[in-house]
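model11.csv follows; it contains CSV, C-alpha atoms and all ligand atoms.
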chain,number,residue,atom,x,y,z
A,1,MET,CA,-45.3,-33.7,97.6
A,2,ALA,CA,-44.3,-32.1,100.9
A,3,CYS,CA,-41.7,-33.6,103.3
A,4,SER,CA,-40.8,-32.7,106.9
A,5,VAL,CA,-37.1,-32.7,107.1
A,6,GLY,CA,-34.3,-32.6,109.7
A,7,ASP,CA,-32.3,-29.5,110.7
A,8,ASP,CA,-29.5,-30.0,108.1
A,9,LEU,CA,-32.1,-29.6,105.3
A,10,HIS,CA,-33.8,-26.5,106.7
A,11,SER,CA,-32.3,-23.9,104.5
A,12,PRO,CA,-31.9,-25.0,100.8
A,13,GLU,CA,-31.3,-22.2,98.3
A,14,PRO,CA,-33.4,-21.8,95.1
A,15,GLY,CA,-32.0,-24.1,92.4
A,16,GLN,CA,-30.6,-26.7,94.8
A,17,PHE,CA,-32.0,-30.2,94.7
A,18,VAL,CA,-32.2,-33.3,96.9
A,19,HIS,CA,-31.6,-37.0,96.1
A,20,LEU,CA,-34.6,-39.1,97.1
A,21,ASP,CA,-34.5,-42.8,97.8
A,22,ALA,CA,-37.8,-43.4,96.0
A,23,LYS,CA,-38.3,-47.1,96.7
A,24,PRO,CA,-36.5,-49.9,98.5
A,25,GLY,CA,-34.6,-51.9,95.9
A,26,LEU,CA,-34.1,-49.2,93.3
A,27,ALA,CA,-30.4,-49.0,92.6
A,28,LEU,CA,-30.2,-45.2,92.4
A,29,ARG,CA,-31.7,-42.2,94.2
A,30,ARG,CA,-33.7,-39.8,92.1
A,31,PRO,CA,-32.9,-36.0,91.9
A,32,PHE,CA,-35.7,-33.4,92.5
A,33,SER,CA,-35.4,-29.6,92.8
A,34,VAL,CA,-36.6,-28.1,96.0
A,35,ALA,CA,-39.8,-26.4,94.7
A,36,GLY,CA,-40.6,-24.5,97.9
A,37,VAL,CA,-40.1,-24.2,101.7
A,38,PRO,CA,-43.7,-23.4,102.9
A,39,VAL,CA,-42.6,-23.4,106.5
A,40,ALA,CA,-39.3,-24.1,108.2
A,41,GLY,CA,-38.7,-27.8,108.2
A,42,THR,CA,-40.9,-28.7,105.3
A,43,LEU,CA,-39.8,-29.0,101.7
A,44,GLU,CA,-42.1,-29.1,98.6
A,45,PHE,CA,-41.4,-31.1,95.5
A,46,LEU,CA,-43.3,-31.1,92.2
A,47,ILE,CA,-42.9,-34.5,90.6
A,48,GLU,CA,-43.7,-35.5,87.0
A,49,LEU,CA,-44.5,-39.2,86.6
A,50,VAL,CA,-41.8,-40.6,84.4
A,51,GLY,CA,-40.9,-44.2,85.5
A,52,GLU,CA,-40.6,-46.5,88.4
A,53,GLY,CA,-39.1,-44.1,90.9
A,54,THR,CA,-41.5,-41.2,90.4
A,55,ARG,CA,-44.5,-43.6,90.4
A,56,ALA,CA,-43.3,-45.0,93.7
A,57,LEU,CA,-43.0,-41.5,95.1
A,58,SER,CA,-46.5,-40.6,93.9
A,59,ALA,CA,-47.9,-43.7,95.6
A,60,LEU,CA,-46.5,-42.8,99.1
A,61,ARG,CA,-49.1,-42.4,101.8
A,62,VAL,CA,-49.2,-39.4,104.1
A,63,GLY,CA,-46.7,-40.0,107.0
A,64,ALA,CA,-44.5,-42.3,105.0
A,65,THR,CA,-40.7,-42.0,105.5
A,66,VAL,CA,-38.3,-41.3,102.7
A,67,SER,CA,-34.5,-41.1,102.8
A,68,ILE,CA,-33.4,-37.6,101.5
A,69,LEU,CA,-29.8,-36.6,100.7
A,70,GLY,CA,-29.3,-32.9,100.4
A,71,PRO,CA,-29.6,-30.0,99.8
A,72,LEU,CA,-27.2,-30.7,96.9
A,73,GLY,CA,-25.6,-28.6,94.2
A,74,ARG,CA,-25.2,-24.9,93.5
A,75,GLY,CA,-28.4,-22.9,93.2
A,76,PHE,CA,-29.2,-19.6,91.5
A,77,THR,CA,-27.5,-16.3,92.6
A,78,MET,CA,-29.9,-13.6,93.6
A,79,PRO,CA,-29.9,-10.4,91.5
A,80,PRO,CA,-28.3,-7.3,93.2
A,81,PRO,CA,-30.8,-4.7,94.6
A,82,GLY,CA,-32.4,-2.7,91.9
A,83,VAL,CA,-32.0,-5.3,89.2
A,84,PRO,CA,-35.1,-6.8,87.5
A,85,ALA,CA,-35.3,-10.5,86.8
A,86,VAL,CA,-36.8,-12.7,84.1
A,87,ILE,CA,-37.6,-16.4,84.7
A,88,VAL,CA,-38.0,-18.6,81.7
A,89,ALA,CA,-39.5,-22.1,82.3
A,90,GLY,CA,-40.4,-24.8,79.8
A,91,GLY,CA,-42.7,-27.8,80.6
A,92,ALA,CA,-41.8,-29.4,84.0
A,93,GLY,CA,-39.0,-26.9,84.3
A,94,VAL,CA,-41.4,-24.9,86.3
A,95,ALA,CA,-40.5,-27.2,89.3
A,96,GLY,CA,-36.9,-26.0,89.1
A,97,VAL,CA,-37.7,-22.3,89.3
A,98,ARG,CA,-40.8,-22.2,91.5
A,99,PHE,CA,-38.8,-21.7,94.7
A,100,LEU,CA,-36.7,-19.0,92.9
A,101,ALA,CA,-39.9,-17.2,91.8
A,102,GLN,CA,-41.2,-17.2,95.3
A,103,ARG,CA,-38.0,-15.6,96.6
A,104,LEU,CA,-37.9,-13.0,93.8
A,105,GLU,CA,-41.6,-12.2,94.3
A,106,LYS,CA,-40.7,-10.8,97.7
A,107,ARG,CA,-38.4,-8.2,96.2
A,108,GLU,CA,-39.5,-4.8,95.1
A,109,GLU,CA,-37.9,-5.1,91.7
A,110,ARG,CA,-39.7,-6.2,88.5
A,111,LEU,CA,-40.1,-9.9,87.9
A,112,THR,CA,-41.3,-11.3,84.6
A,113,MET,CA,-42.1,-15.0,84.4
A,114,LEU,CA,-42.2,-16.6,80.9
A,115,VAL,CA,-43.7,-20.0,80.8
A,116,GLY,CA,-44.0,-22.4,77.9
A,117,ALA,CA,-46.0,-25.6,77.6
A,118,ARG,CA,-47.3,-28.0,75.0
A,119,ASP,CA,-50.9,-26.8,75.5
A,120,ARG,CA,-53.1,-25.2,78.2
A,121,HIS,CA,-53.6,-28.5,80.0
A,122,HIS,CA,-49.9,-28.8,80.7
A,123,LEU,CA,-49.5,-25.3,82.1
A,124,LEU,CA,-49.4,-26.1,85.9
A,125,HIS,CA,-51.3,-22.9,86.6
A,126,GLU,CA,-51.6,-23.6,90.3
A,127,LEU,CA,-47.8,-23.4,90.6
A,128,LEU,CA,-47.3,-20.1,88.8
A,129,PRO,CA,-47.1,-16.8,90.6
A,130,GLU,CA,-50.0,-14.3,90.1
A,131,ALA,CA,-49.4,-11.2,88.1
A,132,THR,CA,-49.8,-8.0,90.1
A,133,PRO,CA,-52.1,-5.1,88.9
A,134,ASP,CA,-49.1,-2.7,89.1
A,135,GLY,CA,-47.1,-4.7,86.6
A,136,ARG,CA,-44.3,-5.4,89.1
A,137,LEU,CA,-44.9,-9.1,88.5
A,138,GLU,CA,-45.8,-10.1,85.0
A,139,LEU,CA,-46.7,-13.6,83.8
A,140,ARG,CA,-46.6,-14.4,80.1
A,141,ILE,CA,-47.6,-17.8,78.6
A,142,ALA,CA,-46.7,-19.5,75.4
A,143,THR,CA,-48.2,-22.8,74.2
A,144,ASP,CA,-47.2,-24.9,71.2
A,145,ASP,CA,-50.8,-25.2,70.0
A,146,GLY,CA,-51.8,-21.6,70.9
A,147,SER,CA,-54.5,-22.8,73.3
A,148,ALA,CA,-53.2,-20.3,75.9
A,149,GLY,CA,-51.1,-17.2,75.5
A,150,LEU,CA,-48.8,-16.8,72.5
A,151,GLN,CA,-48.6,-19.6,70.0
A,152,GLY,CA,-44.9,-20.5,70.2
A,153,THR,CA,-42.3,-21.2,72.9
A,154,ALA,CA,-41.0,-19.7,76.0
A,155,CYS,CA,-37.9,-18.7,74.0
A,156,ASP,CA,-40.2,-16.7,71.6
A,157,LEU,CA,-41.4,-14.8,74.7
A,158,LEU,CA,-37.8,-14.3,75.9
A,159,ALA,CA,-36.8,-12.9,72.5
A,160,GLN,CA,-39.6,-10.3,72.9
A,161,GLU,CA,-38.7,-9.6,76.6
A,162,LEU,CA,-35.0,-9.1,75.8
A,163,ALA,CA,-35.9,-6.2,73.6
A,164,ARG,CA,-37.4,-4.3,76.5
A,165,ILE,CA,-35.4,-5.1,79.6
A,166,PRO,CA,-32.4,-3.1,80.8
A,167,ASP,CA,-28.8,-4.4,80.2
A,168,GLU,CA,-28.3,-5.2,83.9
A,169,ALA,CA,-31.4,-7.5,84.1
A,170,VAL,CA,-30.8,-11.2,85.0
A,171,VAL,CA,-32.4,-14.1,83.2
A,172,TYR,CA,-32.9,-17.5,84.9
A,173,CYS,CA,-33.9,-20.6,82.9
A,174,CYS,CA,-35.0,-24.2,83.6
A,175,GLY,CA,-36.4,-26.7,81.1
A,176,PRO,CA,-35.3,-29.2,78.5
A,177,ARG,CA,-31.7,-28.8,77.4
A,178,ALA,CA,-32.6,-27.6,73.9
A,179,MET,CA,-34.7,-24.9,75.5
A,180,THR,CA,-32.1,-23.8,78.1
A,181,ASP,CA,-29.4,-23.7,75.4
A,182,ALA,CA,-31.6,-21.5,73.1
A,183,ALA,CA,-32.6,-19.2,76.0
A,184,GLY,CA,-28.9,-18.9,77.1
A,185,ALA,CA,-27.8,-18.1,73.6
A,186,LEU,CA,-30.5,-15.4,73.2
A,187,ALA,CA,-29.5,-13.8,76.5
A,188,LEU,CA,-25.8,-13.9,75.7
A,189,LYS,CA,-26.4,-12.4,72.3
A,190,ARG,CA,-28.2,-9.5,74.0
A,191,GLY,CA,-25.4,-9.3,76.6
A,192,VAL,CA,-27.6,-10.1,79.6
A,193,HIS,CA,-26.4,-12.3,82.5
A,194,CYS,CA,-28.1,-15.6,82.3
A,195,GLU,CA,-28.2,-18.6,84.7
A,196,VAL,CA,-29.6,-22.0,83.5
A,197,SER,CA,-30.5,-25.1,85.5
A,198,LEU,CA,-29.5,-28.3,83.8
A,199,GLU,CA,-30.9,-31.8,84.2
A,200,GLU,CA,-28.7,-34.9,83.7
A,201,VAL,CA,-29.1,-38.5,84.6
A,202,MET,CA,-27.5,-38.8,88.0
A,203,ALA,CA,-26.0,-41.6,90.1
A,204,CYS,CA,-24.2,-40.5,93.2
A,205,GLY,CA,-25.5,-36.9,93.2
A,206,THR,CA,-22.4,-35.6,95.1
A,207,GLY,CA,-19.6,-35.2,92.5
A,208,ALA,CA,-17.9,-38.6,93.1
A,209,CYS,CA,-18.8,-40.8,90.1
A,210,ARG,CA,-18.6,-38.2,87.4
A,211,GLY,CA,-21.6,-39.7,85.7
A,212,CYS,CA,-23.3,-36.4,85.0
A,213,VAL,CA,-20.7,-34.2,83.3
A,214,VAL,CA,-21.4,-31.4,80.9
A,215,GLU,CA,-18.9,-29.6,78.7
A,216,THR,CA,-18.1,-26.1,79.8
A,217,SER,CA,-15.5,-23.5,78.7
A,218,ASP,CA,-13.5,-24.7,81.7
A,219,GLY,CA,-13.6,-28.4,80.8
A,220,TYR,CA,-16.1,-31.0,81.9
A,221,ARG,CA,-18.1,-30.2,85.0
A,222,THR,CA,-20.5,-32.2,87.1
A,223,VAL,CA,-24.2,-31.1,87.0
A,224,CYS,CA,-24.8,-32.5,90.5
A,225,SER,CA,-22.0,-30.6,92.4
A,226,ASP,CA,-20.7,-27.9,90.0
A,227,GLY,CA,-24.3,-27.2,89.0
A,228,PRO,CA,-27.2,-27.8,88.4
A,229,VAL,CA,-27.2,-24.0,87.9
A,230,PHE,CA,-24.5,-22.7,85.5
A,231,ASP,CA,-23.7,-19.3,84.2
A,232,ALA,CA,-24.8,-19.6,80.5
A,233,ARG,CA,-21.4,-18.1,79.5
A,234,ALA,CA,-19.6,-21.1,80.8
A,235,LEU,CA,-21.7,-23.7,78.9
A,236,VAL,CA,-21.1,-24.9,75.4
A,237,LEU,CA,-24.5,-23.9,73.9
A,238,GLU,CA,-25.4,-25.8,70.8
A,239,SER,CA,-27.7,-23.1,69.5
A,240,VAL,CA,-25.3,-20.1,70.0
A,241,ALA,CA,-24.5,-20.1,66.3
A,242,ASN,CA,-28.2,-20.0,65.4
A,243,ALA,CA,-29.4,-17.5,67.9
A,301,LIG,C1,-31.0,-31.5,89.3
A,301,LIG,C2,-32.3,-32.2,88.9
A,301,LIG,C3,-33.5,-31.7,89.3
A,301,LIG,C4,-34.7,-32.3,88.9
A,301,LIG,N1,-35.9,-31.8,89.4
A,301,LIG,C5,-37.0,-32.4,89.1
A,301,LIG,C6,-38.3,-31.9,89.7
A,301,LIG,O1,-38.3,-30.9,90.5
A,301,LIG,N2,-39.4,-32.5,89.3
A,301,LIG,C7,-39.4,-33.6,88.4
A,301,LIG,O2,-40.5,-34.1,88.2
A,301,LIG,N3,-38.3,-34.1,87.9
A,301,LIG,C8,-37.1,-33.5,88.2
A,301,LIG,N4,-35.9,-34.0,87.7
A,301,LIG,C9,-36.0,-35.2,86.8
A,301,LIG,C10,-36.2,-36.4,87.7
A,301,LIG,O3,-35.0,-36.7,88.4
A,301,LIG,C11,-36.5,-37.7,86.8
A,301,LIG,O4,-37.7,-37.5,86.1
A,301,LIG,C12,-36.6,-38.9,87.7
A,301,LIG,O5,-35.3,-39.2,88.2
A,301,LIG,C13,-37.1,-40.1,86.8
A,301,LIG,O6,-37.0,-41.2,87.7
A,301,LIG,P1,-38.0,-42.5,87.4
A,301,LIG,O7,-37.5,-43.6,88.2
A,301,LIG,O8,-39.4,-42.1,87.5
A,301,LIG,O9,-37.8,-42.8,85.9
A,301,LIG,P2,-36.8,-43.8,85.2
A,301,LIG,O10,-36.9,-43.6,83.7
A,301,LIG,O11,-37.1,-45.1,85.7
A,301,LIG,O12,-35.4,-43.3,85.6
A,301,LIG,C14,-34.2,-44.1,85.3
A,301,LIG,C15,-33.0,-43.3,85.6
A,301,LIG,O13,-32.8,-42.2,84.8
A,301,LIG,C16,-32.7,-41.0,85.6
A,301,LIG,N5,-33.5,-40.0,84.9
A,301,LIG,C17,-34.6,-40.2,84.1
A,301,LIG,N6,-35.0,-39.0,83.6
A,301,LIG,C18,-34.2,-38.1,84.1
A,301,LIG,C19,-34.1,-36.7,83.9
A,301,LIG,N7,-34.9,-36.0,83.2
A,301,LIG,N8,-33.1,-36.0,84.6
A,301,LIG,C20,-32.2,-36.7,85.3
A,301,LIG,N9,-32.3,-38.0,85.5
A,301,LIG,C21,-33.2,-38.7,84.9
A,301,LIG,C22,-33.3,-41.4,86.9
A,301,LIG,O14,-32.7,-40.7,88.0
A,301,LIG,C23,-32.9,-42.9,87.0
A,301,LIG,O15,-31.6,-43.0,87.5
A,301,LIG,C24,-34.7,-33.4,88.0
A,301,LIG,C25,-33.5,-33.9,87.6
A,301,LIG,C26,-32.3,-33.3,87.9
A,301,LIG,C27,-31.0,-33.8,87.4
A,302,LIG,S1,-24.0,-38.0,89.7
A,302,LIG,FE1,-22.1,-38.7,90.4
A,302,LIG,S2,-20.8,-37.0,89.8
A,302,LIG,FE2,-22.8,-36.3,89.4

Just dump the structure as structure tokens.
Ligand SMILES: Cc1cc2nc3c(=O)[nH]c(=O)nc-3n(C[C@H](O)[C@H](O)[C@H](O)COP(=O)(O)OP(=O)(O)OC[C@H]3O[C@@H](n4cnc5c(N)ncnc54)[C@H](O)[C@@H]3O)c2cc1C
Ligand code: FES
Amino acid sequence: MACSVGDDLHSPEPGQFVHLDAKPGLALRRPFSVAGVPVAGTLEFLIELVGEGTRALSALRVGATVSILGPLGRGFTMPPPGVPAVIVAGGAGVAGVRFLAQRLEKREERLTMLVGARDRHHLLHELLPEATPDGRLELRIATDDGSAGLQGTACDLLAQELARIPDEAVVYCCGPRAMTDAAGALALKRGVHCEVSLEEVMACGTGACRGCVVETSDGYRTVCSDGPVFDARALVLESVANA
């Protein structure tokens, strides 16, 4: 879905999201990552059909008007010059890192994109960057059933990648919480900086209701305004002990 927006929404950062009023009468807005800014004044979203709100959004006709609150939250930090980046995305988590990948693609440094999906039909190929012949941009795939790429998960790919990247590389991750926890734990064990984007059920989207808190080393923090992107070191990762 693409939306033309007002001036205040012209410059979202990768990792930020907006809160969409999906349908009149729905009590809560729905949060969606900015998946791209194809031209100034237009935002792209990738929306997975889940329930009433996402169905209503998918049924909108061209030219319909939607109330948008945003851009909201803290996005990803860009790596310093000379530092390679690795993006790990699981399932619909591709939506949360697509804009980031577009920004990182424009740098000269190496970018490796690791994508996991249930099977080849769930890979969202059209949203993934294309690998370059010189290896500067590498795309690696994992599927649960082995129908494309490695049979395994995006974290299996990350474990392989961590063995060959330099210490100063940065890892970015978006996907289901179990996956972002596992990816964060692997990166921390290797001593690599890692930023993860979290999804929580949200109400206000602006830090007021405290309905979206997660536990961090610094107490409970809201995903909508302190996140959705967090330094993995600050999160209480369930899989740290098993990584
Ligand atoms: C920061 C952030 C970014 C997101 N970005 C995207 C994106 O780019 N593309 C995309 O398809 N989805 C994204 N999601 C998930 C998306 O918000 C939910 O799938 C959507 O709100 C479901 O609404 P629904 O009415 O269709 O489903 P319902 O099941 O009817 O939703 C009921 C309630 O639960 C909330 N909810 C349900 N699932 C989720 C979820 N996974 N995360 C958070 N809230 C949820 C809804 O906001 C709503 O309040 C994002 C979530 C967050 C928090
Ligand atoms: S949704 Fe209200 S504080 Fe995050």

TODO: Find the residues around segment 122-132 of chain A up to 9 Å (all atoms listed in the file counted), leave out those fewer than 5 positions away in its own chain, and share them as a ChimeraX atom specification.
DONE: /A:91-92,94-95,98,101-102,105,112-113,115-117,137-139,141,143,148

Preceding selection exported with C-alpha atoms as a tab-separated table (two decimals), in the frame of the given file:
chain	number	residue	atom	x	y	z
A	91	GLY	CA	-42.70	-27.80	80.60
A	92	ALA	CA	-41.80	-29.40	84.00
A	94	VAL	CA	-41.40	-24.90	86.30
A	95	ALA	CA	-40.50	-27.20	89.30
A	98	ARG	CA	-40.80	-22.20	91.50
A	101	ALA	CA	-39.90	-17.20	91.80
A	102	GLN	CA	-41.20	-17.20	95.30
A	105	GLU	CA	-41.60	-12.20	94.30
A	112	THR	CA	-41.30	-11.30	84.60
A	113	MET	CA	-42.10	-15.00	84.40
A	115	VAL	CA	-43.70	-20.00	80.80
A	116	GLY	CA	-44.00	-22.40	77.90
A	117	ALA	CA	-46.00	-25.60	77.60
A	137	LEU	CA	-44.90	-9.10	88.50
A	138	GLU	CA	-45.80	-10.10	85.00
A	139	LEU	CA	-46.70	-13.60	83.80
A	141	ILE	CA	-47.60	-17.80	78.60
A	143	THR	CA	-48.20	-22.80	74.20
A	148	ALA	CA	-53.20	-20.30	75.90

- [ ] Report as an MDAnalysis selection string which protein, DNA and RNA residues come within 6 Å of ligand LIG 301 (chain A), using only C-alpha atoms and all ligand atoms.
- [x] chainID A and resid 17 28 30:33 45:54 95:96 199:202 228

Counting only C-alpha atoms and all ligand atoms, which residues of chain A sit at most 7 Å from some atom of ligand LIG 302 (chain A), and what is each one's closest atom pair with its distance in Å to one decimal, listed by chain and rising residue number, as a tab-separated table?
residue	atom	partner	partner_atom	distance
A:Met202	CA	A:LIG302	S1	4.0
A:Ala203	CA	A:LIG302	S1	4.1
A:Cys204	CA	A:LIG302	FE1	3.9
A:Gly205	CA	A:LIG302	S1	4.0
A:Thr206	CA	A:LIG302	FE1	5.6
A:Gly207	CA	A:LIG302	S2	3.5
A:Ala208	CA	A:LIG302	S2	4.7
A:Cys209	CA	A:LIG302	FE1	3.9
A:Arg210	CA	A:LIG302	S2	3.5
A:Gly211	CA	A:LIG302	FE1	4.8
A:Cys212	CA	A:LIG302	FE2	4.4
A:Val213	CA	A:LIG302	FE2	6.8
A:Thr222	CA	A:LIG302	FE2	5.2
A:Val223	CA	A:LIG302	FE2	5.9
A:Cys224	CA	A:LIG302	FE2	4.4
A:Ser225	CA	A:LIG302	FE2	6.5

Task: Point-to-point distance from atom CA of Ala2 of chain A to atom CA of Val196 of chain A, Å rounded to tenths - done: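 So the two atoms, atom CA of Ala2 of chain A and atom CA of Val196 of chain A, lie 24.9 Å apart.
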
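Take the candidates A:Pro14, A:Gly191, A:Gly135, A:Gly25 and check each one against Asp167 of chain A using all atoms listed in the file; the shortest distance goes to A:Gly191.
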
TODO: Skip segment 177-189 of chain A itself and residues of its chain fewer than 6 positions away, then list as a ChimeraX atom specification all residues within 10 Å of it, counting only C-alpha atoms.
DONE: /A:88-91,93,116,153-159,162,170-171,195-200,231-233,235-243

With C-alpha atoms retained, export the selected residues as a PDB file, keeping the file's coordinate frame.
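And here's out-v7.pdb as it stands now:
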ATOM      1  CA  VAL A  88     -38.000 -18.600  81.700  1.00  0.00           C
ATOM      2  CA  ALA A  89     -39.500 -22.100  82.300  1.00  0.00           C
ATOM      3  CA  GLY A  90     -40.400 -24.800  79.800  1.00  0.00           C
ATOM      4  CA  GLY A  91     -42.700 -27.800  80.600  1.00  0.00           C
ATOM      5  CA  GLY A  93     -39.000 -26.900  84.300  1.00  0.00           C
ATOM      6  CA  GLY A 116     -44.000 -22.400  77.900  1.00  0.00           C
ATOM      7  CA  THR A 153     -42.300 -21.200  72.900  1.00  0.00           C
ATOM      8  CA  ALA A 154     -41.000 -19.700  76.000  1.00  0.00           C
ATOM      9  CA  CYS A 155     -37.900 -18.700  74.000  1.00  0.00           C
ATOM     10  CA  ASP A 156     -40.200 -16.700  71.600  1.00  0.00           C
ATOM     11  CA  LEU A 157     -41.400 -14.800  74.700  1.00  0.00           C
ATOM     12  CA  LEU A 158     -37.800 -14.300  75.900  1.00  0.00           C
ATOM     13  CA  ALA A 159     -36.800 -12.900  72.500  1.00  0.00           C
ATOM     14  CA  LEU A 162     -35.000  -9.100  75.800  1.00  0.00           C
ATOM     15  CA  VAL A 170     -30.800 -11.200  85.000  1.00  0.00           C
ATOM     16  CA  VAL A 171     -32.400 -14.100  83.200  1.00  0.00           C
ATOM     17  CA  GLU A 195     -28.200 -18.600  84.700  1.00  0.00           C
ATOM     18  CA  VAL A 196     -29.600 -22.000  83.500  1.00  0.00           C
ATOM     19  CA  SER A 197     -30.500 -25.100  85.500  1.00  0.00           C
ATOM     20  CA  LEU A 198     -29.500 -28.300  83.800  1.00  0.00           C
ATOM     21  CA  GLU A 199     -30.900 -31.800  84.200  1.00  0.00           C
ATOM     22  CA  GLU A 200     -28.700 -34.900  83.700  1.00  0.00           C
ATOM     23  CA  ASP A 231     -23.700 -19.300  84.200  1.00  0.00           C
ATOM     24  CA  ALA A 232     -24.800 -19.600  80.500  1.00  0.00           C
ATOM     25  CA  ARG A 233     -21.400 -18.100  79.500  1.00  0.00           C
ATOM     26  CA  LEU A 235     -21.700 -23.700  78.900  1.00  0.00           C
ATOM     27  CA  VAL A 236     -21.100 -24.900  75.400  1.00  0.00           C
ATOM     28  CA  LEU A 237     -24.500 -23.900  73.900  1.00  0.00           C
ATOM     29  CA  GLU A 238     -25.400 -25.800  70.800  1.00  0.00           C
ATOM     30  CA  SER A 239     -27.700 -23.100  69.500  1.00  0.00           C
ATOM     31  CA  VAL A 240     -25.300 -20.100  70.000  1.00  0.00           C
ATOM     32  CA  ALA A 241     -24.500 -20.100  66.300  1.00  0.00           C
ATOM     33  CA  ASN A 242     -28.200 -20.000  65.400  1.00  0.00           C
ATOM     34  CA  ALA A 243     -29.400 -17.500  67.900  1.00  0.00           C
TER      35      ALA A 243
END

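Straight-line separation from atom CA of Arg110 of chain A to atom CA of Ala169 of chain A: 9.5 Å.
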
- [ ] May I ask for the distance between atom CA of Gln160 of chain A and atom CA of Leu104 of chain A, given in Å to one decimal place?
- [x]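 Spanning atom CA of Gln160 of chain A to atom CA of Leu104 of chain A is a straight-line distance of 21.1 Å.
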
Task: Given only C-alpha atoms as the counted atoms, nearest of A:Ala27, A:Leu100, A:Leu20, A:Val37 to Thr77 of chain A - done: A:Leu100
